[in-house]
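*Asks:* File upload-v8.txt below, compact mmCIF, C-alpha atoms:
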```txt
# COMPACT_ATOMS: atom_id res chain seq x y z
CA MET O 267 -110.32 14.07 20.12
CA LYS O 268 -107.66 15.62 22.28
CA GLN O 269 -104.89 13.19 23.12
CA LYS O 270 -105.24 11.51 26.50
CA ILE O 271 -102.14 10.48 28.38
CA LEU O 272 -102.31 7.71 30.97
CA LEU O 273 -100.05 8.19 33.95
CA TYR O 274 -99.36 5.98 36.94
CA MET O 275 -101.52 3.01 35.93
CA ASN O 276 -100.47 -0.59 36.16
CA ARG O 277 -101.48 -3.21 33.62
CA GLU O 278 -104.76 -4.18 35.29
CA GLU O 279 -105.84 -0.58 35.86
CA THR O 280 -105.04 0.26 32.25
CA GLU O 281 -107.20 -2.60 30.99
CA VAL O 282 -110.17 -1.50 33.08
CA TYR O 283 -109.71 2.07 31.86
CA ILE O 284 -109.58 1.11 28.17
CA LEU O 285 -112.54 -1.28 28.38
CA GLU O 286 -114.58 1.56 29.86
CA LYS O 287 -113.49 3.91 27.05
CA ALA O 288 -114.37 1.24 24.47
CA LYS O 289 -118.02 1.65 25.43
CA THR O 290 -117.89 5.19 24.01
CA TYR O 291 -115.11 5.27 21.42
CA LYS O 292 -115.05 2.99 18.39
CA ASN O 293 -111.48 3.88 17.45
CA ILE O 294 -108.74 3.52 20.07
CA LEU O 295 -104.96 3.96 19.84
CA CYS O 296 -102.89 2.39 22.64
CA GLN O 297 -99.25 3.47 22.78
CA TYR O 298 -97.87 1.23 25.50
CA PRO O 299 -94.43 -0.26 26.14
CA THR O 300 -93.80 -3.96 26.52
CA GLY O 301 -95.34 -5.44 29.66
CA TYR O 302 -98.76 -3.83 29.23
CA GLY O 303 -100.18 -6.69 27.16
CA LYS O 304 -101.32 -4.73 24.11
CA SER O 305 -102.52 -7.84 22.27
CA LYS O 306 -104.50 -9.03 25.30
CA LEU O 307 -105.99 -5.57 25.64
CA ALA O 308 -107.17 -5.63 22.01
CA ILE O 309 -108.68 -9.09 22.50
CA GLU O 310 -110.50 -8.00 25.66
CA VAL O 311 -111.93 -4.94 23.88
CA ILE O 312 -113.38 -7.23 21.21
CA LYS O 313 -114.71 -9.72 23.74
CA SER O 314 -116.41 -6.94 25.71
CA THR O 315 -118.10 -5.32 22.71
CA GLN O 316 -118.45 -7.98 19.99
CA GLN O 317 -121.56 -9.08 18.16
CA ASN O 318 -122.16 -12.74 17.27
CA ASN O 319 -119.90 -14.05 14.47
CA ALA O 320 -117.92 -10.80 14.38
CA LYS O 321 -115.43 -10.52 11.52
CA VAL O 322 -111.96 -9.54 12.75
CA LEU O 323 -108.98 -8.51 10.62
CA ILE O 324 -105.56 -8.39 12.30
CA VAL O 325 -102.95 -6.38 10.39
CA ILE O 326 -99.32 -7.18 11.17
CA PRO O 327 -95.97 -5.95 9.79
CA LYS O 328 -94.57 -9.48 9.26
CA LEU O 329 -96.11 -12.91 8.78
CA VAL O 330 -93.86 -14.32 11.49
CA LEU O 331 -96.07 -12.55 14.07
CA ILE O 332 -99.15 -14.65 13.24
CA ASP O 333 -98.09 -17.45 15.60
CA ASN O 334 -97.71 -14.98 18.47
CA TRP O 335 -101.24 -13.71 17.89
CA LYS O 336 -102.68 -17.23 17.67
CA LYS O 337 -101.06 -18.10 21.00
CA GLU O 338 -102.47 -14.94 22.61
CA ILE O 339 -105.97 -15.63 21.23
CA GLU O 340 -105.87 -19.18 22.59
CA LYS O 341 -104.39 -18.06 25.91
CA TRP O 342 -107.20 -15.57 26.54
CA ASN O 343 -110.01 -17.85 25.40
CA ALA O 344 -111.13 -15.69 22.51
CA ASN O 345 -113.41 -17.47 20.03
CA LEU O 346 -113.01 -15.10 17.10
CA ASN O 347 -113.46 -15.26 13.34
CA ILE O 348 -110.04 -13.90 12.40
CA THR O 349 -108.23 -13.11 9.16
CA PHE O 350 -104.56 -12.07 9.15
CA THR O 351 -102.83 -9.80 6.67
CA THR O 352 -99.69 -7.73 6.44
CA TYR O 353 -99.65 -3.98 5.85
CA ILE O 354 -98.30 -4.61 2.35
CA SER O 355 -101.27 -6.87 1.50
CA LEU O 356 -103.86 -4.76 3.31
CA PRO O 357 -105.46 -3.33 0.10
CA LYS O 358 -106.49 -6.89 -0.90
CA HIS O 359 -108.83 -7.11 2.10
CA ALA O 360 -111.11 -4.16 1.39
CA ASP O 361 -114.44 -5.28 2.85
CA HIS O 362 -116.75 -4.78 5.80
CA TRP O 363 -115.06 -5.67 9.10
CA ASP O 364 -116.53 -5.56 12.58
CA TYR O 365 -113.05 -5.07 14.05
CA VAL O 366 -109.63 -4.32 12.63
CA ILE O 367 -106.57 -4.55 14.88
CA PHE O 368 -103.62 -2.60 13.51
CA ASP O 369 -100.66 -4.19 15.30
CA GLU O 370 -97.52 -1.99 15.31
CA CYS O 371 -99.65 0.67 13.64
CA HIS O 372 -96.67 2.94 12.95
CA HIS O 373 -96.35 0.74 9.84
CA LEU O 374 -99.51 2.29 8.39
CA SER O 375 -97.97 3.79 5.27
CA ASP O 376 -99.60 6.32 2.95
CA ARG O 377 -100.43 3.45 0.60
CA ALA O 378 -102.14 1.48 3.39
CA LEU O 379 -104.02 4.55 4.64
CA ASP O 380 -105.25 5.29 1.11
CA ALA O 381 -106.52 1.72 0.86
CA LEU O 382 -108.67 2.18 3.98
CA ILE O 383 -111.00 4.43 1.97
CA SER O 384 -112.41 1.22 0.45
CA PHE O 385 -112.91 -0.41 3.85
CA ASN O 386 -116.02 -0.37 6.02
CA ILE O 387 -114.75 -0.78 9.60
CA ASP O 388 -117.02 -0.66 12.64
CA ARG O 389 -114.23 -0.57 15.24
CA SER O 390 -110.48 -0.03 14.98
CA ILE O 391 -107.88 -0.87 17.62
CA LEU O 392 -104.41 0.53 16.92
CA LEU O 393 -101.39 -0.72 18.88
CA SER O 394 -97.84 0.59 19.05
CA ALA O 395 -95.06 1.39 21.50
CA THR O 396 -94.81 4.87 20.05
CA VAL O 397 -96.25 6.85 17.14
CA LYS O 398 -94.55 9.95 15.78
CA TYR O 399 -96.48 13.18 16.25
CA THR O 400 -96.74 13.76 12.49
CA HIS O 401 -98.13 10.25 11.98
CA LEU O 402 -100.52 10.70 14.88
CA ARG O 403 -102.02 13.75 13.18
CA VAL O 404 -102.74 11.67 10.08
CA LEU O 405 -104.26 8.84 12.11
CA LYS O 406 -106.64 11.28 13.78
CA GLU O 407 -107.82 12.41 10.36
CA ILE O 408 -108.38 8.86 9.10
CA PHE O 409 -109.91 7.32 12.24
CA HIS O 410 -112.84 9.47 13.28
CA ASN O 411 -113.02 10.45 16.95
CA LEU O 412 -109.85 8.51 17.78
CA PHE O 413 -109.20 8.04 21.50
CA VAL O 414 -105.44 8.09 22.16
CA THR O 415 -103.63 6.79 25.22
CA ARG O 416 -99.91 6.72 25.89
CA ILE O 417 -97.52 5.42 28.52
CA THR O 418 -93.75 5.85 28.09
CA PRO O 419 -91.17 3.25 29.15
CA ARG O 420 -89.87 5.72 31.74
CA GLU O 421 -93.34 6.05 33.31
CA ALA O 422 -93.78 2.27 33.30
CA ILE O 423 -90.43 1.84 35.04
CA GLN O 424 -91.26 4.50 37.64
CA GLU O 425 -94.48 2.65 38.47
CA ASN O 426 -92.64 -0.69 38.74
CA VAL O 427 -94.62 -2.13 35.85
CA LEU O 428 -91.31 -2.63 34.07
CA PRO O 429 -87.93 -3.28 35.71
CA ASP O 430 -85.35 -0.51 35.83
CA PRO O 431 -82.52 -1.64 33.53
CA LYS O 432 -78.83 -1.32 34.29
CA ILE O 433 -77.04 0.57 31.55
CA ILE O 434 -73.37 -0.09 30.77
CA LEU O 435 -71.82 2.45 28.42
CA ILE O 436 -68.48 1.67 26.78
CA PRO O 437 -67.02 4.78 25.09
CA LEU O 438 -64.62 4.06 22.22
CA GLN O 439 -62.40 6.26 20.11
CA LEU O 440 -61.77 6.09 16.37
CA ASP O 441 -58.16 5.23 15.66
CA ASN O 442 -56.02 7.93 14.03
CA ARG O 443 -52.70 6.09 13.91
CA TRP O 444 -53.06 3.10 11.59
CA THR O 445 -53.80 3.44 7.90
CA ASN O 446 -56.24 0.57 7.42
CA GLN O 447 -59.18 2.24 5.63
CA THR O 448 -59.74 3.22 2.00
CA ILE O 449 -61.91 6.09 0.79
CA ILE O 450 -63.05 5.56 -2.80
CA LYS O 451 -64.05 8.46 -5.05
CA ASN O 452 -65.55 7.97 -8.53
CA PRO O 453 -66.04 4.22 -7.98
CA LYS O 454 -67.40 3.61 -11.50
CA CYS O 455 -64.29 4.92 -13.24
CA HIS O 456 -61.74 2.37 -14.49
CA ASN O 457 -58.26 3.88 -14.18
CA THR O 458 -57.23 3.83 -10.52
CA ILE O 459 -55.04 6.36 -8.74
CA ARG O 460 -53.92 5.48 -5.21
CA ILE O 461 -52.99 8.30 -2.85
CA ASP O 462 -52.70 8.97 0.86
CA TYR O 463 -55.06 11.19 2.83
CA ALA O 464 -52.81 14.25 2.73
CA GLN O 465 -53.04 14.33 -1.07
CA ARG O 466 -56.83 14.16 -1.28
CA TRP O 467 -57.37 17.86 -2.08
CA LYS O 468 -55.04 17.65 -5.06
CA TYR O 469 -57.42 15.16 -6.70
CA LYS O 470 -60.71 16.65 -5.52
CA SER O 471 -61.67 17.87 -9.00
CA ASN O 472 -60.64 14.68 -10.75
CA LYS O 473 -63.83 13.01 -12.03
CA THR O 474 -62.31 10.75 -14.69
CA ASN O 475 -60.30 8.37 -12.48
CA ARG O 476 -61.14 6.05 -9.60
CA ILE O 477 -59.39 7.59 -6.60
CA GLU O 478 -58.42 5.32 -3.69
CA ILE O 479 -57.34 7.25 -0.60
CA SER O 480 -55.51 5.37 2.17
CA CYS O 481 -56.52 6.69 5.59
CA THR O 482 -57.17 5.99 9.26
CA GLN O 483 -60.54 5.28 10.87
CA LYS O 484 -60.86 8.88 12.03
CA GLN O 485 -59.95 10.25 8.61
CA TYR O 486 -62.50 7.99 6.94
CA HIS O 487 -65.14 9.22 9.40
CA ASP O 488 -64.15 12.86 8.88
CA ASP O 489 -64.56 12.44 5.12
CA MET O 490 -68.05 10.98 5.57
CA CYS O 491 -69.04 13.85 7.86
CA GLU O 492 -67.80 16.44 5.35
CA LEU O 493 -69.86 14.87 2.57
CA ILE O 494 -72.98 14.64 4.77
CA GLU O 495 -72.69 18.29 5.75
CA TRP O 496 -72.20 19.27 2.09
CA TYR O 497 -75.42 17.50 1.03
CA LYS O 498 -77.22 19.01 4.00
CA ARG O 499 -76.14 22.55 3.08
CA LYS O 500 -77.08 21.99 -0.57
CA PHE O 501 -80.56 20.89 0.45
CA PHE O 502 -81.18 23.91 2.69
CA ASN O 503 -79.78 26.27 0.05
CA THR O 504 -81.73 24.81 -2.89
CA ASN O 505 -84.69 22.96 -1.31
CA ASN O 506 -83.89 20.19 -3.78
CA PHE O 507 -85.08 16.96 -2.16
CA ALA O 508 -82.55 14.93 -4.14
CA PHE O 509 -79.90 16.46 -1.88
CA LYS O 510 -81.99 15.67 1.21
CA ASN O 511 -82.24 12.02 0.17
CA LEU O 512 -78.47 11.86 -0.35
CA TRP O 513 -77.85 13.57 2.99
CA LEU O 514 -80.04 11.07 4.87
CA LYS O 515 -78.69 8.10 2.92
CA LYS O 516 -75.08 9.03 3.73
CA ALA O 517 -76.00 9.64 7.39
CA GLY O 518 -77.43 6.11 7.55
CA ASP O 519 -74.32 4.72 5.86
CA ARG O 520 -72.20 6.45 8.50
CA LEU O 521 -74.05 4.67 11.33
CA ILE O 522 -73.62 1.33 9.56
CA TRP O 523 -69.89 1.97 9.12
CA LEU O 524 -69.47 2.93 12.77
CA SER O 525 -71.32 -0.21 13.79
CA ASN O 526 -69.08 -2.41 11.66
CA GLN O 527 -65.95 -0.90 13.22
CA LYS O 528 -67.06 -2.36 16.57
CA ASN O 529 -67.21 -5.99 15.50
CA GLU O 530 -64.09 -7.07 17.39
CA VAL O 531 -65.19 -5.17 20.49
CA ILE O 532 -68.58 -6.89 20.35
CA LYS O 533 -66.92 -10.31 20.05
CA ASN O 534 -64.78 -9.56 23.12
CA ILE O 535 -67.89 -8.56 25.09
CA LEU O 536 -69.66 -11.76 24.02
CA ASN O 537 -66.76 -13.79 25.38
CA LYS O 538 -67.32 -12.16 28.77
CA ILE O 539 -71.07 -12.92 28.87
CA GLN O 540 -71.06 -16.48 27.55
CA ASP O 541 -73.16 -17.71 30.47
CA LYS O 542 -75.86 -15.02 30.14
CA LYS O 543 -78.73 -14.86 27.67
CA ALA O 544 -78.19 -11.98 25.29
CA LEU O 545 -79.64 -10.46 22.14
CA ILE O 546 -77.19 -8.62 19.90
CA PHE O 547 -78.76 -5.84 17.83
CA CYS O 548 -77.01 -5.66 14.46
CA ASN O 549 -77.16 -3.32 11.48
CA SER O 550 -77.46 -5.92 8.72
CA ILE O 551 -77.82 -9.59 7.87
CA GLU O 552 -74.08 -9.70 7.19
CA GLN O 553 -73.28 -8.39 10.66
CA THR O 554 -75.59 -10.93 12.32
CA GLU O 555 -73.55 -13.67 10.62
CA ILE O 556 -70.20 -12.12 11.58
CA LEU O 557 -71.10 -11.72 15.25
CA GLY O 558 -72.95 -14.92 16.01
CA GLU O 559 -73.52 -18.54 15.11
CA TYR O 560 -77.27 -18.31 15.74
CA CYS O 561 -78.50 -15.58 13.42
CA ILE O 562 -82.10 -14.46 13.18
CA ASN O 563 -82.62 -12.71 9.89
CA SER O 564 -84.87 -12.83 6.83
CA ASN O 565 -82.32 -14.86 4.84
CA ASN O 566 -81.92 -17.63 7.40
CA ALA O 567 -84.40 -20.50 7.12
CA ASP O 568 -83.40 -21.61 10.64
CA SER O 569 -84.31 -18.28 12.27
CA MET O 570 -87.43 -19.55 14.03
CA LYS O 571 -85.62 -22.72 15.06
CA TYR O 572 -82.92 -20.61 16.72
CA LEU O 573 -85.55 -18.43 18.38
CA ASP O 574 -87.18 -21.54 19.88
CA MET O 575 -83.79 -22.83 21.02
CA PHE O 576 -83.11 -19.48 22.70
CA ASN O 577 -86.50 -19.44 24.43
CA ASN O 578 -85.97 -23.04 25.57
CA ASN O 579 -82.57 -22.13 27.09
CA GLU O 580 -80.66 -24.35 24.66
CA ILE O 581 -78.50 -21.43 23.47
CA ASN O 582 -77.52 -18.16 25.17
CA HIS O 583 -76.79 -15.73 22.34
CA ILE O 584 -78.71 -14.73 19.24
CA THR O 585 -77.90 -12.00 16.73
CA ALA O 586 -80.62 -10.13 14.88
CA CYS O 587 -81.31 -7.07 12.78
CA ASN O 588 -84.78 -5.62 12.17
CA ILE O 589 -86.74 -8.87 12.12
CA ILE O 590 -86.83 -9.14 15.91
CA ASN O 591 -87.35 -5.49 16.85
CA GLU O 592 -91.10 -5.85 17.36
CA GLY O 593 -93.72 -8.39 18.25
CA ILE O 594 -91.37 -11.29 19.07
CA ASN O 595 -91.33 -12.59 22.64
CA LEU O 596 -87.98 -13.59 24.13
CA ALA O 597 -87.80 -15.77 27.24
CA GLU O 598 -85.48 -14.60 30.01
CA CYS O 599 -83.28 -12.48 27.75
CA GLN O 600 -81.24 -10.49 30.25
CA ILE O 601 -78.78 -8.57 28.08
CA GLY O 602 -79.32 -6.34 25.11
CA LEU O 603 -75.99 -5.65 23.39
CA TYR O 604 -76.10 -2.80 20.89
CA ALA O 605 -73.69 -3.43 18.05
CA SER O 606 -75.80 -0.99 16.05
CA LEU O 607 -77.35 2.31 17.11
CA ASN O 608 -80.29 3.79 15.26
CA SER O 609 -81.69 7.31 15.02
CA SER O 610 -85.30 6.06 14.85
CA GLU O 611 -87.12 6.71 18.13
CA ILE O 612 -89.55 3.92 17.28
CA MET O 613 -86.77 1.38 16.73
CA VAL O 614 -84.97 2.42 19.93
CA LYS O 615 -88.11 1.77 22.01
CA GLN O 616 -88.84 -1.49 20.18
CA ARG O 617 -85.38 -2.80 20.95
CA LEU O 618 -85.67 -1.75 24.58
CA GLY O 619 -88.91 -3.72 24.78
CA ARG O 620 -87.13 -6.96 23.84
CA ILE O 621 -85.03 -6.71 27.03
CA LEU O 622 -87.42 -5.28 29.63
CA ARG O 623 -89.25 -8.59 29.99
CA HIS O 624 -86.39 -9.85 32.20
CA SER O 625 -86.55 -9.11 35.93
CA ASN O 626 -82.97 -7.74 35.95
CA PRO O 627 -82.30 -6.37 32.46
CA ILE O 628 -78.88 -5.10 31.38
CA ILE O 629 -78.20 -2.93 28.34
CA ILE O 630 -74.64 -2.72 27.02
CA ILE O 631 -73.85 0.05 24.55
CA PRO O 632 -70.37 0.44 23.06
CA TYR O 633 -70.20 3.69 21.08
CA TYR O 634 -67.69 6.00 19.46
CA LYS O 635 -67.11 9.32 21.18
CA TYR O 636 -67.30 12.53 19.16
CA THR O 637 -69.55 10.90 16.54
CA ARG O 638 -73.25 10.69 15.78
CA GLU O 639 -73.31 7.59 18.00
CA GLU O 640 -72.52 9.69 21.06
CA GLU O 641 -75.45 11.98 20.24
CA LEU O 642 -77.79 8.99 20.00
CA VAL O 643 -76.54 7.57 23.30
CA ASP O 644 -77.16 10.92 25.00
CA LYS O 645 -80.72 10.82 23.66
CA MET O 646 -81.26 7.24 24.80
CA LYS O 647 -80.04 8.07 28.31
CA GLU O 648 -83.11 10.27 28.80
CA ASP O 649 -85.23 7.10 29.17
CA TYR O 650 -83.00 5.60 31.83
CA ASN O 651 -82.40 6.14 35.53
CA PRO O 652 -79.09 8.06 35.77
CA ASP O 653 -78.26 6.17 38.96
CA ASN O 654 -78.25 2.93 36.95
CA ILE O 655 -75.84 4.14 34.27
CA ARG O 656 -72.24 2.94 34.52
CA ILE O 657 -69.42 4.00 32.20
CA ILE O 658 -66.44 1.70 31.74
CA GLU O 659 -63.31 2.59 29.78
CA ASN O 660 -61.79 -0.90 29.73
CA LEU O 661 -63.53 -4.21 28.97
CA ASN O 662 -61.74 -5.76 31.94
CA GLU O 663 -64.06 -3.65 34.09
CA LEU O 664 -67.12 -5.39 32.59
CA THR O 665 -68.66 -7.21 35.54
CA PHE O 666 -72.22 -7.90 36.68
```
Can you give me the file's structure in the form of structure tokens?
*Replies:*
Amino acid sequence: MKQKILLYMNREETEVYILEKAKTYKNILCQYPTGYGKSKLAIEVIKSTQQNNAKVLIVIPKLVLIDNWKKEIEKWNANLNITFTTYISLPKHADHWDYVIFDECHHLSDRALDALISFNIDRSILLSATVKYTHLRVLKEIFHNLFVTRITPREAIQENVLPDPKIILIPLQLDNRWTNQTIIKNPKCHNTIRIDYAQRWKYKSNKTNRIEISCTQKQYHDDMCELIEWYKRKFFNTNNFAFKNLWLKKAGDRLIWLSNQKNEVIKNILNKIQDKKALIFCNSIEQTEILGEYCINSNNADSMKYLDMFNNNEINHITACNIINEGINLAECQIGLYASLNSSEIMVKQRLGRILRHSNPIIIIPYYKYTREEELVDKMKEDYNPDNIRIIENLNELTF
């Protein structure tokens, strides 16, 4: 089935369109941004086509999303015989199902797709904000005659389905004056040699000692970039995927390091928006704890308590890493503050969706110039109205 792209449809028009298509197609993929009610749409498809006592399996990435689904099912008066499972546990539910809803279907891994061979599914409804082209090809092979629809956040904003966010960019520069960083080579070696950055080439071939190199922020970043480029060249020259894995791992480590360098800047921004509800996107559990008192992460037993407090307007700021990127509803969250930037297109759109539920959303992105972060910001800007983008060089200029 050739991919269909929906343009210029609001939420109600989209629902009518999909319910009509559901009369013909038994497998449907809806790639819609927040605000289009993907869960409601899936429920309405089942209600419009179901047999008596239909068996429904809902597949979710995390157990924490079950409550959201139960609330949606109750809200839309759906009397369904439902079983929940995660993508990890999906193989345990091989059976006949009248309907399977694959929520956040970009989580359908090779392992999960292989497991579907043992399933007998009458109808499949796949939901996501965005699916990579390579993954989409696989889904079309697995789900026969798959009908695909897609609406981008930019299209939804242009049609006033979603609000047009204000974007505040805060360019930063890595310091090259103060020696407050340490590059460590051969970390498993015992005898330590401490040198400054200018001496690093003298000890490049030394593999028997732990080398600690005192350096500035910029020098530390330059060293990471050199290593990443070396692994990248080795991969393209040898086609050895071990080098590719090291290249990508070090590139991810670089983004985490850049994010951590902004901690004090983020704290200063938070002081300026104390009276506004904000979600701070972090790179790790540790960073959520450094940047906020109310942390939502997989290690914190109080995460759901803090989420409820936030939604009930008892607190204004929450920090989170990946646990809140998808499927979690936030009440009146006006500001998305990016302590961490990510190269994943899926994650970028998921995070945007957490903020676009507010009528006047604001996105604040501090980033380091002349780094990978600047490249990611340039990519993100493509989804935003250029007239709504403001660049400030000094935090004293941060006003709303």
*Asks:* Let me make sure I understand: among O:Lys337, O:Lys432, O:His410, O:His401, which one has the smallest atom-to-atom distance to Ile629 in chain O if we use all atoms listed in the file?
*Replies:*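 When distances to Ile629 in chain O are compared using all atoms listed in the file, the smallest one comes from O:Lys432.
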*Asks:* CA of Ile324 in chain O to CA of Lys289 in chain O: how many Å, to one decimal?
*Replies:*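 CA of Lys289 in chain O lies at a distance of 20.7 Å from CA of Ile324 in chain O.
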*Asks:* Can you pull out the residues contacting Leu438 in chain O? Cut-off 7 Å, using only C-alpha atoms, and skip same-chain residues under 5 positions away; I want them as a compact mmCIF listing (two decimals) with C-alpha atoms, keeping the file's coordinate frame.
*Replies:*
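File result-v4.txt, as written:
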```
# COMPACT_ATOMS: atom_id res chain seq x y z
CA PRO O 632 -70.37 0.44 23.06
CA TYR O 633 -70.20 3.69 21.08
CA TYR O 634 -67.69 6.00 19.46
CA LYS O 635 -67.11 9.32 21.18
```
*Asks:* Do a neighbour search on range 291-296 of chain O at 8 Å with all atoms listed in the file, toss out local chain neighbours closer than 3 positions, and write the hits as an MDAnalysis selection string.
*Replies:* chainID O and resid 287:288 304 388:395 409:416
*Asks:* Considering all atoms listed in the file, state which residue in the set O:His456, O:Asp488, O:Leu618, O:Asn534 is at the smallest distance from Asn442 in chain O.
*Replies:* O:Asp488
*Asks:* Mind dumping a table of every range 564-656 of chain O residue within 8 Å of range 505-522 of chain O, with the nearest atom pair and its distance in Å to one decimal, using all atoms listed in the file, sorted by chain and rising number, as a tab-separated table?
*Replies:*
```
residue	atom	partner	partner_atom	distance
O:Ser606	CA	O:Ile522	CA	7.2
O:Leu607	CA	O:Leu521	CA	7.1
O:Asn608	CA	O:Leu521	CA	7.4
O:Arg638	CA	O:Leu521	CA	7.5
O:Glu639	CA	O:Leu521	CA	7.3
```
*Asks:* Can you tell me how far CA of His362 in chain O sits from CA of Ile326 in chain O, in Å to one decimal?
*Replies:*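 Between CA of His362 in chain O and CA of Ile326 in chain O the gap is 18.4 Å.
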*Asks:* Got a sec: who's within 9 Å of Ile459 in chain O, counting only C-alpha atoms, leaving out chain neighbours fewer than 2 positions off, as a VMD selection string?
*Replies:* chain O and resid 457 461 475 to 479
*Asks:* From the list O:Tyr302, O:Ala605, O:Lys533, O:Ala597, which residue is nearest Glu580 in chain O when using all atoms listed in the file?
*Replies:*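 The shortest atom-to-atom distance to Glu580 in chain O comes from O:Ala597.
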*Asks:* Could you list, as a count of residues only, every residue within 12 Å of Leu573 in chain O, counting all atoms listed in the file and ignoring same-chain residues fewer than 4 positions away?
*Replies:* 28
